Amino acid sequence: MKTILPARRHWSLGLALAAALTGFGAYTASATTAPAPIPITSPACPADLQQGEADGCVTQLQAELNLTGAHLTVDGQFGPATDSAVRTFQGAHSLTADGIVGPATKSALDAAAAAASGTVDLRTQCGDLQTGVSGQCVSTLQTMLNTFNAGRLVVDGQFGPATDTAVRNFQAAQGLAIDGIVGTGVKNALYTGTPAPLPSGPIDSTRVLNAAKSYLGVPYVWGGGHSLRGEGPGPSLGTCDGYTGSIQPCPANTTVGMDCSGLVRAAFWFGAGIGLANGGDTTEQTLDKHLTPITEAQRQPGDVEYFGTDAHNTVHVVLYAGTDSATGADMMYEAKETGTNVHYVPLRTGGYWYHVTA
């Protein structure tokens, strides 16, 4: 339906750690050459870190030591200076000053760095987070979600619609249940996942289709996915303005999901880094500079088909998924109507076809 619109790097200490890695305090940073940081308590790091280690675990270690008063170059190399800083920290915290960063030192260092930075560890200091929660746990969550390009969030400590959308986008990208709740699975993925920049350059249709596939099962919502509240692309609350669905009362402004153009928008944003029509409806999308009209015979996987009275007066859109290898049928991804979910079904034809280019 047409929507009428108003308009490996890992984290453990949020913004303050990011600042540390880019020159916080008096020390000299070398973030451009240091291995990407890995939480020192993660299984990816040795049980004991010590002199001679060179990896992202040491990058993280050095950043945390700097937050607690050291002045190290953050280069991921556990040399004599890092060894000395570890011993100094251990001595100040009643630990054996042997320069070996084992479980006790890791735990004390994480706690001290978090206290110094004003951030928290979502896994150990925060319960489940969801809409309505506020505070430092949410601020840290928002910072990490921005790092993963899951949203464009203001870090204000308020878990509102924009943060909910970003959480759902992150869950979709990580193959987690899309429910907007930050529980153990989401937290672990935030700390162990590797952020990747949004795609750019020539469009890879496989990435676009995988982005669409990640939203299978998300409810159709009139106006959902269109930044009505500044959320950015992805599942969101919709609107009851212009709603004509058969389900009454209108559920759109109380249900999180996406409509047909919202699905296509999210697929191209997260799959190709393209913001079709800046969140506009189907007709506005057909006018986007990235769309080139093609014939049905020219269609390829990743092309879009709009339905309406003419090529620029449309009410519905689907994403062509190509031929299913198991059935031999041409398939599409679609958000059809209220009461249904995003689905993968045989292609309907007879609409107006467009190819999307970068």
# chains A, B, ... in the order shown; residues from 1 in each chain; ligands from 1
$ residues_around --residues "segment 191-199 of chain A" --least-positions-apart "2" --cutoff "10 Å" --atoms "only C-alpha atoms" --output "number ranges by chain"
A: 8-13, 36, 38-39, 42-44, 121-123, 144-150, 174, 186-189, 201-204, 207-208, 268-274
$ select_by_dssp --residues "segment 189-314 of chain A" --states "strand (DSSP E)" --output "ChimeraX atom specification"
/A:236-237,256-257,291-294,304-310,313-314
$ closest_residue --among "A:His343, A:Lys336, A:His71, A:Lys106" --to "Val221 of chain A" --atoms "only C-alpha atoms"
A:Lys336
$ residues_around --residues "Leu276 of chain A" --least-positions-apart "3" --cutoff "9 Å" --atoms "only C-alpha atoms" --output "list in words"
Val264, Arg265, Ala266, Phe268, Trp269, Gly279, Gly280, Glu284, Gln285, Thr286, Asp288, Lys289, His290 and Leu291 of chain A
$ write_last_selection --atoms "N, CA and C atoms" --output "PDB file, in the first residue's frame"
ATOM      1  N   VAL A 264      11.445  -2.065   1.113  1.00  0.00           N
ATOM      2  CA  VAL A 264      12.380  -1.809   0.015  1.00  0.00           C
ATOM      3  C   VAL A 264      13.417  -0.776   0.431  1.00  0.00           C
ATOM      4  N   ARG A 265      12.972   0.224   1.162  1.00  0.00           N
ATOM      5  CA  ARG A 265      13.905   1.245   1.641  1.00  0.00           C
ATOM      6  C   ARG A 265      14.988   0.618   2.515  1.00  0.00           C
ATOM      7  N   ALA A 266      14.588  -0.202   3.494  1.00  0.00           N
ATOM      8  CA  ALA A 266      15.557  -0.824   4.396  1.00  0.00           C
ATOM      9  C   ALA A 266      16.500  -1.754   3.643  1.00  0.00           C
ATOM     10  N   PHE A 268      17.613  -1.563   0.586  1.00  0.00           N
ATOM     11  CA  PHE A 268      18.643  -0.840  -0.156  1.00  0.00           C
ATOM     12  C   PHE A 268      19.534  -0.001   0.761  1.00  0.00           C
ATOM     13  N   TRP A 269      19.016   0.405   1.923  1.00  0.00           N
ATOM     14  CA  TRP A 269      19.859   1.156   2.853  1.00  0.00           C
ATOM     15  C   TRP A 269      20.921   0.250   3.469  1.00  0.00           C
ATOM     16  N   GLY A 279      13.075   8.065   2.533  1.00  0.00           N
ATOM     17  CA  GLY A 279      11.962   7.568   3.340  1.00  0.00           C
ATOM     18  C   GLY A 279      10.608   7.782   2.716  1.00  0.00           C
ATOM     19  N   GLY A 280      10.552   8.170   1.447  1.00  0.00           N
ATOM     20  CA  GLY A 280       9.281   8.460   0.803  1.00  0.00           C
ATOM     21  C   GLY A 280       8.485   7.218   0.455  1.00  0.00           C
ATOM     22  N   GLU A 284       7.131   8.326  -4.580  1.00  0.00           N
ATOM     23  CA  GLU A 284       8.363   9.105  -4.421  1.00  0.00           C
ATOM     24  C   GLU A 284       9.586   8.266  -4.732  1.00  0.00           C
ATOM     25  N   GLN A 285       9.529   6.977  -4.408  1.00  0.00           N
ATOM     26  CA  GLN A 285      10.653   6.108  -4.742  1.00  0.00           C
ATOM     27  C   GLN A 285      10.844   5.996  -6.248  1.00  0.00           C
ATOM     28  N   THR A 286       9.761   5.931  -7.005  1.00  0.00           N
ATOM     29  CA  THR A 286       9.911   5.794  -8.466  1.00  0.00           C
ATOM     30  C   THR A 286      10.570   7.014  -9.085  1.00  0.00           C
ATOM     31  N   ASP A 288      13.087   8.593  -7.588  1.00  0.00           N
ATOM     32  CA  ASP A 288      14.436   8.694  -7.047  1.00  0.00           C
ATOM     33  C   ASP A 288      15.469   8.569  -8.162  1.00  0.00           C
ATOM     34  N   LYS A 289      16.549   9.319  -8.039  1.00  0.00           N
ATOM     35  CA  LYS A 289      17.586   9.353  -9.081  1.00  0.00           C
ATOM     36  C   LYS A 289      18.293   8.011  -9.268  1.00  0.00           C
ATOM     37  N   HIS A 290      18.188   7.123  -8.280  1.00  0.00           N
ATOM     38  CA  HIS A 290      18.859   5.832  -8.380  1.00  0.00           C
ATOM     39  C   HIS A 290      18.074   4.816  -9.195  1.00  0.00           C
ATOM     40  N   LEU A 291      16.832   5.146  -9.565  1.00  0.00           N
ATOM     41  CA  LEU A 291      15.977   4.193 -10.285  1.00  0.00           C
ATOM     42  C   LEU A 291      15.966   4.482 -11.779  1.00  0.00           C
TER      43      LEU A 291
END
$ residues_around --residues "segment 210-219 of chain A" --least-positions-apart "4" --cutoff "8 Å" --atoms "only C-alpha atoms" --output "ChimeraX atom specification"
/A:172-173,175,178,206,235,256-258,263-264,266-268,270-271,333,335,338-344
$ write_last_selection --atoms "N, CA, C and O atoms" --output "mmCIF file, in the first residue's frame"
data_model
loop_
_atom_site.group_PDB
_atom_site.id
_atom_site.type_symbol
_atom_site.label_atom_id
_atom_site.label_comp_id
_atom_site.auth_asym_id
_atom_site.auth_seq_id
_atom_site.Cartn_x
_atom_site.Cartn_y
_atom_site.Cartn_z
ATOM 1 N N ALA A 172 18.115 -7.956 13.193
ATOM 2 C CA ALA A 172 17.949 -8.522 11.846
ATOM 3 C C ALA A 172 19.302 -8.843 11.231
ATOM 4 O O ALA A 172 19.497 -9.919 10.645
ATOM 5 N N ALA A 173 20.250 -7.916 11.354
ATOM 6 C CA ALA A 173 21.569 -8.111 10.756
ATOM 7 C C ALA A 173 22.318 -9.269 11.400
ATOM 8 O O ALA A 173 23.134 -9.933 10.749
ATOM 9 N N GLY A 175 20.825 -11.971 12.744
ATOM 10 C CA GLY A 175 20.060 -13.206 12.699
ATOM 11 C C GLY A 175 19.384 -13.554 14.015
ATOM 12 O O GLY A 175 19.130 -14.724 14.299
ATOM 13 N N ILE A 178 13.646 -10.607 16.135
ATOM 14 C CA ILE A 178 13.452 -9.163 16.009
ATOM 15 C C ILE A 178 12.314 -8.739 16.924
ATOM 16 O O ILE A 178 11.139 -8.724 16.542
ATOM 17 N N THR A 206 23.016 -9.346 -4.067
ATOM 18 C CA THR A 206 22.950 -10.378 -3.027
ATOM 19 C C THR A 206 22.821 -9.741 -1.646
ATOM 20 O O THR A 206 22.044 -10.205 -0.804
ATOM 21 N N PRO A 235 12.320 -1.457 10.837
ATOM 22 C CA PRO A 235 11.012 -1.594 11.484
ATOM 23 C C PRO A 235 10.755 -0.482 12.497
ATOM 24 O O PRO A 235 11.617 -0.156 13.309
ATOM 25 N N VAL A 256 5.051 -2.213 15.726
ATOM 26 C CA VAL A 256 6.330 -1.984 15.056
ATOM 27 C C VAL A 256 6.442 -2.912 13.857
ATOM 28 O O VAL A 256 6.227 -4.124 13.971
ATOM 29 N N GLY A 257 6.760 -2.363 12.708
ATOM 30 C CA GLY A 257 6.902 -3.163 11.501
ATOM 31 C C GLY A 257 7.274 -2.284 10.328
ATOM 32 O O GLY A 257 7.886 -1.227 10.490
ATOM 33 N N MET A 258 6.859 -2.674 9.138
ATOM 34 C CA MET A 258 7.193 -1.901 7.939
ATOM 35 C C MET A 258 6.153 -2.161 6.861
ATOM 36 O O MET A 258 5.544 -3.224 6.806
ATOM 37 N N LEU A 263 9.998 -1.665 3.516
ATOM 38 C CA LEU A 263 10.828 -2.848 3.324
ATOM 39 C C LEU A 263 11.878 -2.603 2.244
ATOM 40 O O LEU A 263 13.061 -2.902 2.431
ATOM 41 N N VAL A 264 11.445 -2.065 1.113
ATOM 42 C CA VAL A 264 12.380 -1.809 0.015
ATOM 43 C C VAL A 264 13.417 -0.776 0.431
ATOM 44 O O VAL A 264 14.609 -0.896 0.117
ATOM 45 N N ALA A 266 14.588 -0.202 3.494
ATOM 46 C CA ALA A 266 15.557 -0.824 4.396
ATOM 47 C C ALA A 266 16.500 -1.754 3.643
ATOM 48 O O ALA A 266 17.697 -1.804 3.925
ATOM 49 N N ALA A 267 15.966 -2.501 2.669
ATOM 50 C CA ALA A 267 16.796 -3.433 1.907
ATOM 51 C C ALA A 267 17.924 -2.707 1.187
ATOM 52 O O ALA A 267 19.080 -3.155 1.189
ATOM 53 N N PHE A 268 17.613 -1.563 0.586
ATOM 54 C CA PHE A 268 18.643 -0.840 -0.156
ATOM 55 C C PHE A 268 19.534 -0.001 0.761
ATOM 56 O O PHE A 268 20.688 0.257 0.426
ATOM 57 N N PHE A 270 20.486 -0.884 4.006
ATOM 58 C CA PHE A 270 21.430 -1.767 4.676
ATOM 59 C C PHE A 270 22.169 -2.672 3.698
ATOM 60 O O PHE A 270 23.242 -3.185 4.029
ATOM 61 N N GLY A 271 21.625 -2.867 2.504
ATOM 62 C CA GLY A 271 22.294 -3.707 1.522
ATOM 63 C C GLY A 271 23.158 -2.963 0.533
ATOM 64 O O GLY A 271 24.058 -3.539 -0.079
ATOM 65 N N TYR A 333 10.317 -10.621 -2.423
ATOM 66 C CA TYR A 333 10.129 -10.231 -1.032
ATOM 67 C C TYR A 333 9.083 -9.128 -1.010
ATOM 68 O O TYR A 333 9.130 -8.194 -1.819
ATOM 69 N N ALA A 335 6.094 -6.840 1.607
ATOM 70 C CA ALA A 335 5.256 -6.509 2.767
ATOM 71 C C ALA A 335 3.907 -6.128 2.171
ATOM 72 O O ALA A 335 3.771 -5.075 1.525
ATOM 73 N N THR A 338 -1.863 -5.057 6.121
ATOM 74 C CA THR A 338 -2.062 -5.221 7.561
ATOM 75 C C THR A 338 -2.611 -6.614 7.868
ATOM 76 O O THR A 338 -3.504 -7.107 7.178
ATOM 77 N N GLY A 339 -2.060 -7.240 8.897
ATOM 78 C CA GLY A 339 -2.469 -8.584 9.257
ATOM 79 C C GLY A 339 -1.561 -9.661 8.698
ATOM 80 O O GLY A 339 -1.736 -10.840 9.003
ATOM 81 N N THR A 340 -0.580 -9.262 7.856
ATOM 82 C CA THR A 340 0.381 -10.212 7.312
ATOM 83 C C THR A 340 1.787 -9.781 7.723
ATOM 84 O O THR A 340 1.994 -8.697 8.261
ATOM 85 N N ASN A 341 2.750 -10.654 7.451
ATOM 86 C CA ASN A 341 4.152 -10.361 7.738
ATOM 87 C C ASN A 341 4.946 -10.275 6.440
ATOM 88 O O ASN A 341 4.492 -10.743 5.383
ATOM 89 N N VAL A 342 6.128 -9.697 6.506
ATOM 90 C CA VAL A 342 7.034 -9.708 5.351
ATOM 91 C C VAL A 342 7.246 -11.160 4.940
ATOM 92 O O VAL A 342 7.538 -12.020 5.781
ATOM 93 N N HIS A 343 7.085 -11.434 3.641
ATOM 94 C CA HIS A 343 7.173 -12.821 3.195
ATOM 95 C C HIS A 343 7.931 -12.961 1.887
ATOM 96 O O HIS A 343 8.205 -11.979 1.183
ATOM 97 N N TYR A 344 8.262 -14.205 1.577
ATOM 98 C CA TYR A 344 8.995 -14.603 0.371
ATOM 99 C C TYR A 344 8.049 -15.506 -0.398
ATOM 100 O O TYR A 344 7.773 -16.638 0.013
#
$ residues_around --residues "Ala81 of chain A" --least-positions-apart "6" --cutoff "12 Å" --atoms "only C-alpha atoms" --output "list of chain:residue names"
A:Gln50, A:Gln51, A:Gly52, A:Gln62, A:Leu65, A:Asn66, A:Ala70, A:His71, A:Leu72, A:Thr73, A:Val74, A:Asp75, A:Arg87, A:Thr88, A:Gly99
$ atom_distance --atom1 "atom CA of Arg229 of chain A" --atom2 "atom CA of Cys250 of chain A"
18.2 Å
$ closest_residue --among "A:Ala34, A:Leu61, A:Val86, A:Val317" --to "Asp281 of chain A" --atoms "only C-alpha atoms"
A:Val317
$ atom_distance --atom1 "atom CA of Gly185 of chain A" --atom2 "atom CA of Gly127 of chain A"
12.3 Å
$ select_by_dssp --residues "segment 282-316 of chain A" --states "helix (DSSP H, G or I)" --output "number ranges by chain"
A: 282-286, 296-298
$ residues_around --residues "Val58 of chain A" --least-positions-apart "4" --cutoff "9 Å" --atoms "only C-alpha atoms" --output "ChimeraX atom specification"
/A:35,37-38,40,45,49-50,53-54,62-63,74-78,82
$ write_last_selection --atoms "N, CA, C and O atoms" --output "compact mmCIF listing (two decimals), in the first residue's frame"
# COMPACT_ATOMS: atom_id res chain seq x y z
N PRO A 35 45.66 -2.95 15.91
CA PRO A 35 44.58 -3.91 15.62
C PRO A 35 43.28 -3.47 16.27
O PRO A 35 43.29 -2.82 17.32
N PRO A 37 40.20 -3.26 18.59
CA PRO A 37 40.12 -3.75 19.98
C PRO A 37 39.15 -4.91 20.14
O PRO A 37 38.11 -4.96 19.51
N ILE A 38 39.52 -5.83 21.02
CA ILE A 38 38.69 -6.98 21.37
C ILE A 38 38.55 -6.97 22.89
O ILE A 38 39.55 -6.82 23.61
N ILE A 40 38.83 -7.67 26.55
CA ILE A 40 39.86 -8.55 27.14
C ILE A 40 39.27 -9.76 27.85
O ILE A 40 39.97 -10.74 28.06
N CYS A 45 40.29 -13.68 23.48
CA CYS A 45 41.57 -13.29 24.09
C CYS A 45 42.13 -14.43 24.94
O CYS A 45 41.38 -15.21 25.53
N LEU A 49 47.04 -12.40 29.44
CA LEU A 49 47.75 -11.52 28.52
C LEU A 49 49.06 -11.12 29.17
O LEU A 49 49.09 -10.75 30.35
N GLN A 50 50.15 -11.15 28.40
CA GLN A 50 51.44 -10.77 28.96
C GLN A 50 52.37 -10.30 27.86
O GLN A 50 52.02 -10.33 26.67
N GLU A 53 52.52 -10.45 23.59
CA GLU A 53 51.23 -10.53 22.89
C GLU A 53 51.09 -9.35 21.93
O GLU A 53 51.50 -8.22 22.24
N ALA A 54 50.50 -9.57 20.79
CA ALA A 54 50.28 -8.49 19.83
C ALA A 54 48.98 -8.75 19.08
O ALA A 54 48.94 -9.61 18.20
N GLN A 62 45.44 -1.68 26.42
CA GLN A 62 46.13 -0.39 26.50
C GLN A 62 45.15 0.77 26.63
O GLN A 62 45.40 1.71 27.40
N ALA A 63 44.03 0.69 25.90
CA ALA A 63 43.03 1.75 26.00
C ALA A 63 42.45 1.83 27.40
O ALA A 63 42.26 2.93 27.95
N VAL A 74 48.66 3.44 21.96
CA VAL A 74 47.76 2.32 21.70
C VAL A 74 48.12 1.72 20.35
O VAL A 74 47.68 2.20 19.30
N ASP A 75 48.93 0.67 20.39
CA ASP A 75 49.42 0.07 19.15
C ASP A 75 49.18 -1.43 19.08
O ASP A 75 49.56 -2.09 18.12
N GLY A 76 48.57 -2.02 20.14
CA GLY A 76 48.31 -3.45 20.13
C GLY A 76 49.54 -4.30 20.41
O GLY A 76 49.47 -5.52 20.24
N GLN A 77 50.64 -3.69 20.85
CA GLN A 77 51.88 -4.40 21.12
C GLN A 77 52.15 -4.41 22.62
O GLN A 77 52.33 -3.35 23.24
N PHE A 78 52.18 -5.60 23.23
CA PHE A 78 52.41 -5.72 24.67
C PHE A 78 53.93 -5.73 24.89
O PHE A 78 54.57 -6.78 24.94
N THR A 82 53.83 -1.33 28.32
CA THR A 82 52.53 -1.89 28.72
C THR A 82 52.71 -2.77 29.95
O THR A 82 51.89 -2.74 30.88
$ closest_residue --among "A:Gly234, A:Gly328, A:Pro103, A:Gly351" --to "Ala166 of chain A" --atoms "only C-alpha atoms"
A:Gly234
$ closest_residue --among "A:Thr68, A:Gly102, A:Arg348, A:Pro233" --to "Phe89 of chain A" --atoms "only C-alpha atoms"
A:Thr68
$ atom_distance --atom1 "atom CA of Gly180 of chain A" --atom2 "atom CA of Thr163 of chain A"
8.6 Å
$ decode --residues "segment 89-168 of chain A" --atoms "C-alpha atoms" --output "PDB file, in the first residue's frame"
ATOM      1  CA  PHE A  89      47.713  -0.897  37.983  1.00  0.00           C
ATOM      2  CA  GLN A  90      48.013  -4.232  39.785  1.00  0.00           C
ATOM      3  CA  GLY A  91      49.940  -2.668  42.647  1.00  0.00           C
ATOM      4  CA  ALA A  92      47.351   0.082  43.026  1.00  0.00           C
ATOM      5  CA  HIS A  93      44.515  -2.462  43.182  1.00  0.00           C
ATOM      6  CA  SER A  94      46.036  -4.976  45.634  1.00  0.00           C
ATOM      7  CA  LEU A  95      46.750  -7.516  42.914  1.00  0.00           C
ATOM      8  CA  THR A  96      49.924  -9.504  42.368  1.00  0.00           C
ATOM      9  CA  ALA A  97      52.136  -7.113  40.410  1.00  0.00           C
ATOM     10  CA  ASP A  98      53.513  -9.638  37.942  1.00  0.00           C
ATOM     11  CA  GLY A  99      52.588  -7.955  34.646  1.00  0.00           C
ATOM     12  CA  ILE A 100      50.290 -10.860  33.710  1.00  0.00           C
ATOM     13  CA  VAL A 101      46.730  -9.838  32.887  1.00  0.00           C
ATOM     14  CA  GLY A 102      44.739 -12.792  34.148  1.00  0.00           C
ATOM     15  CA  PRO A 103      41.061 -13.047  35.138  1.00  0.00           C
ATOM     16  CA  ALA A 104      41.417 -11.000  38.344  1.00  0.00           C
ATOM     17  CA  THR A 105      43.320  -8.197  36.645  1.00  0.00           C
ATOM     18  CA  LYS A 106      40.923  -8.191  33.679  1.00  0.00           C
ATOM     19  CA  SER A 107      37.912  -7.875  35.964  1.00  0.00           C
ATOM     20  CA  ALA A 108      39.468  -5.097  38.026  1.00  0.00           C
ATOM     21  CA  LEU A 109      40.632  -3.227  34.934  1.00  0.00           C
ATOM     22  CA  ASP A 110      37.235  -3.423  33.225  1.00  0.00           C
ATOM     23  CA  ALA A 111      35.569  -2.066  36.358  1.00  0.00           C
ATOM     24  CA  ALA A 112      38.109   0.714  36.840  1.00  0.00           C
ATOM     25  CA  ALA A 113      37.993   1.783  33.213  1.00  0.00           C
ATOM     26  CA  ALA A 114      34.196   1.808  33.222  1.00  0.00           C
ATOM     27  CA  ALA A 115      34.174   3.943  36.352  1.00  0.00           C
ATOM     28  CA  ALA A 116      36.720   6.336  34.862  1.00  0.00           C
ATOM     29  CA  SER A 117      34.843   6.670  31.583  1.00  0.00           C
ATOM     30  CA  GLY A 118      31.331   6.915  32.991  1.00  0.00           C
ATOM     31  CA  THR A 119      30.172   4.071  30.731  1.00  0.00           C
ATOM     32  CA  VAL A 120      28.872   0.643  31.667  1.00  0.00           C
ATOM     33  CA  ASP A 121      29.207  -2.927  30.472  1.00  0.00           C
ATOM     34  CA  LEU A 122      25.785  -3.945  29.201  1.00  0.00           C
ATOM     35  CA  ARG A 123      26.458  -7.609  29.933  1.00  0.00           C
ATOM     36  CA  THR A 124      27.301  -7.254  33.615  1.00  0.00           C
ATOM     37  CA  GLN A 125      25.826  -3.929  34.736  1.00  0.00           C
ATOM     38  CA  CYS A 126      22.494  -3.725  32.919  1.00  0.00           C
ATOM     39  CA  GLY A 127      19.351  -5.833  32.815  1.00  0.00           C
ATOM     40  CA  ASP A 128      17.224  -6.322  29.705  1.00  0.00           C
ATOM     41  CA  LEU A 129      16.695  -3.009  27.915  1.00  0.00           C
ATOM     42  CA  GLN A 130      13.608  -2.025  25.933  1.00  0.00           C
ATOM     43  CA  THR A 131      11.326   0.882  25.118  1.00  0.00           C
ATOM     44  CA  GLY A 132      10.743   3.139  28.120  1.00  0.00           C
ATOM     45  CA  VAL A 133      14.075   2.494  29.861  1.00  0.00           C
ATOM     46  CA  SER A 134      16.497   5.384  30.375  1.00  0.00           C
ATOM     47  CA  GLY A 135      19.942   6.001  31.831  1.00  0.00           C
ATOM     48  CA  GLN A 136      23.602   5.246  31.251  1.00  0.00           C
ATOM     49  CA  CYS A 137      22.899   1.692  30.071  1.00  0.00           C
ATOM     50  CA  VAL A 138      20.831   3.111  27.214  1.00  0.00           C
ATOM     51  CA  SER A 139      23.489   5.726  26.379  1.00  0.00           C
ATOM     52  CA  THR A 140      26.092   2.976  26.041  1.00  0.00           C
ATOM     53  CA  LEU A 141      23.678   0.901  23.955  1.00  0.00           C
ATOM     54  CA  GLN A 142      22.989   3.837  21.627  1.00  0.00           C
ATOM     55  CA  THR A 143      26.686   4.476  21.137  1.00  0.00           C
ATOM     56  CA  MET A 144      27.323   0.847  20.233  1.00  0.00           C
ATOM     57  CA  LEU A 145      24.350   0.652  17.871  1.00  0.00           C
ATOM     58  CA  ASN A 146      25.666   3.706  16.021  1.00  0.00           C
ATOM     59  CA  THR A 147      29.003   1.936  15.659  1.00  0.00           C
ATOM     60  CA  PHE A 148      27.231  -0.943  13.921  1.00  0.00           C
ATOM     61  CA  ASN A 149      25.348   1.467  11.594  1.00  0.00           C
ATOM     62  CA  ALA A 150      22.092   0.116  13.004  1.00  0.00           C
ATOM     63  CA  GLY A 151      20.690   3.619  13.388  1.00  0.00           C
ATOM     64  CA  ARG A 152      21.491   7.311  13.491  1.00  0.00           C
ATOM     65  CA  LEU A 153      20.852   7.831  17.169  1.00  0.00           C
ATOM     66  CA  VAL A 154      21.251  10.832  19.408  1.00  0.00           C
ATOM     67  CA  VAL A 155      22.996   9.472  22.495  1.00  0.00           C
ATOM     68  CA  ASP A 156      20.517  10.789  25.057  1.00  0.00           C
ATOM     69  CA  GLY A 157      19.975   7.780  27.323  1.00  0.00           C
ATOM     70  CA  GLN A 158      16.295   7.509  26.326  1.00  0.00           C
ATOM     71  CA  PHE A 159      15.078   4.212  24.840  1.00  0.00           C
ATOM     72  CA  GLY A 160      12.448   5.584  22.475  1.00  0.00           C
ATOM     73  CA  PRO A 161      11.220   4.673  18.976  1.00  0.00           C
ATOM     74  CA  ALA A 162      14.525   5.493  17.263  1.00  0.00           C
ATOM     75  CA  THR A 163      16.507   3.242  19.598  1.00  0.00           C
ATOM     76  CA  ASP A 164      13.874   0.519  19.226  1.00  0.00           C
ATOM     77  CA  THR A 165      14.272   0.645  15.437  1.00  0.00           C
ATOM     78  CA  ALA A 166      18.067   0.508  15.700  1.00  0.00           C
ATOM     79  CA  VAL A 167      17.862  -2.516  18.011  1.00  0.00           C
ATOM     80  CA  ARG A 168      15.567  -4.306  15.572  1.00  0.00           C
TER      81      ARG A 168
END
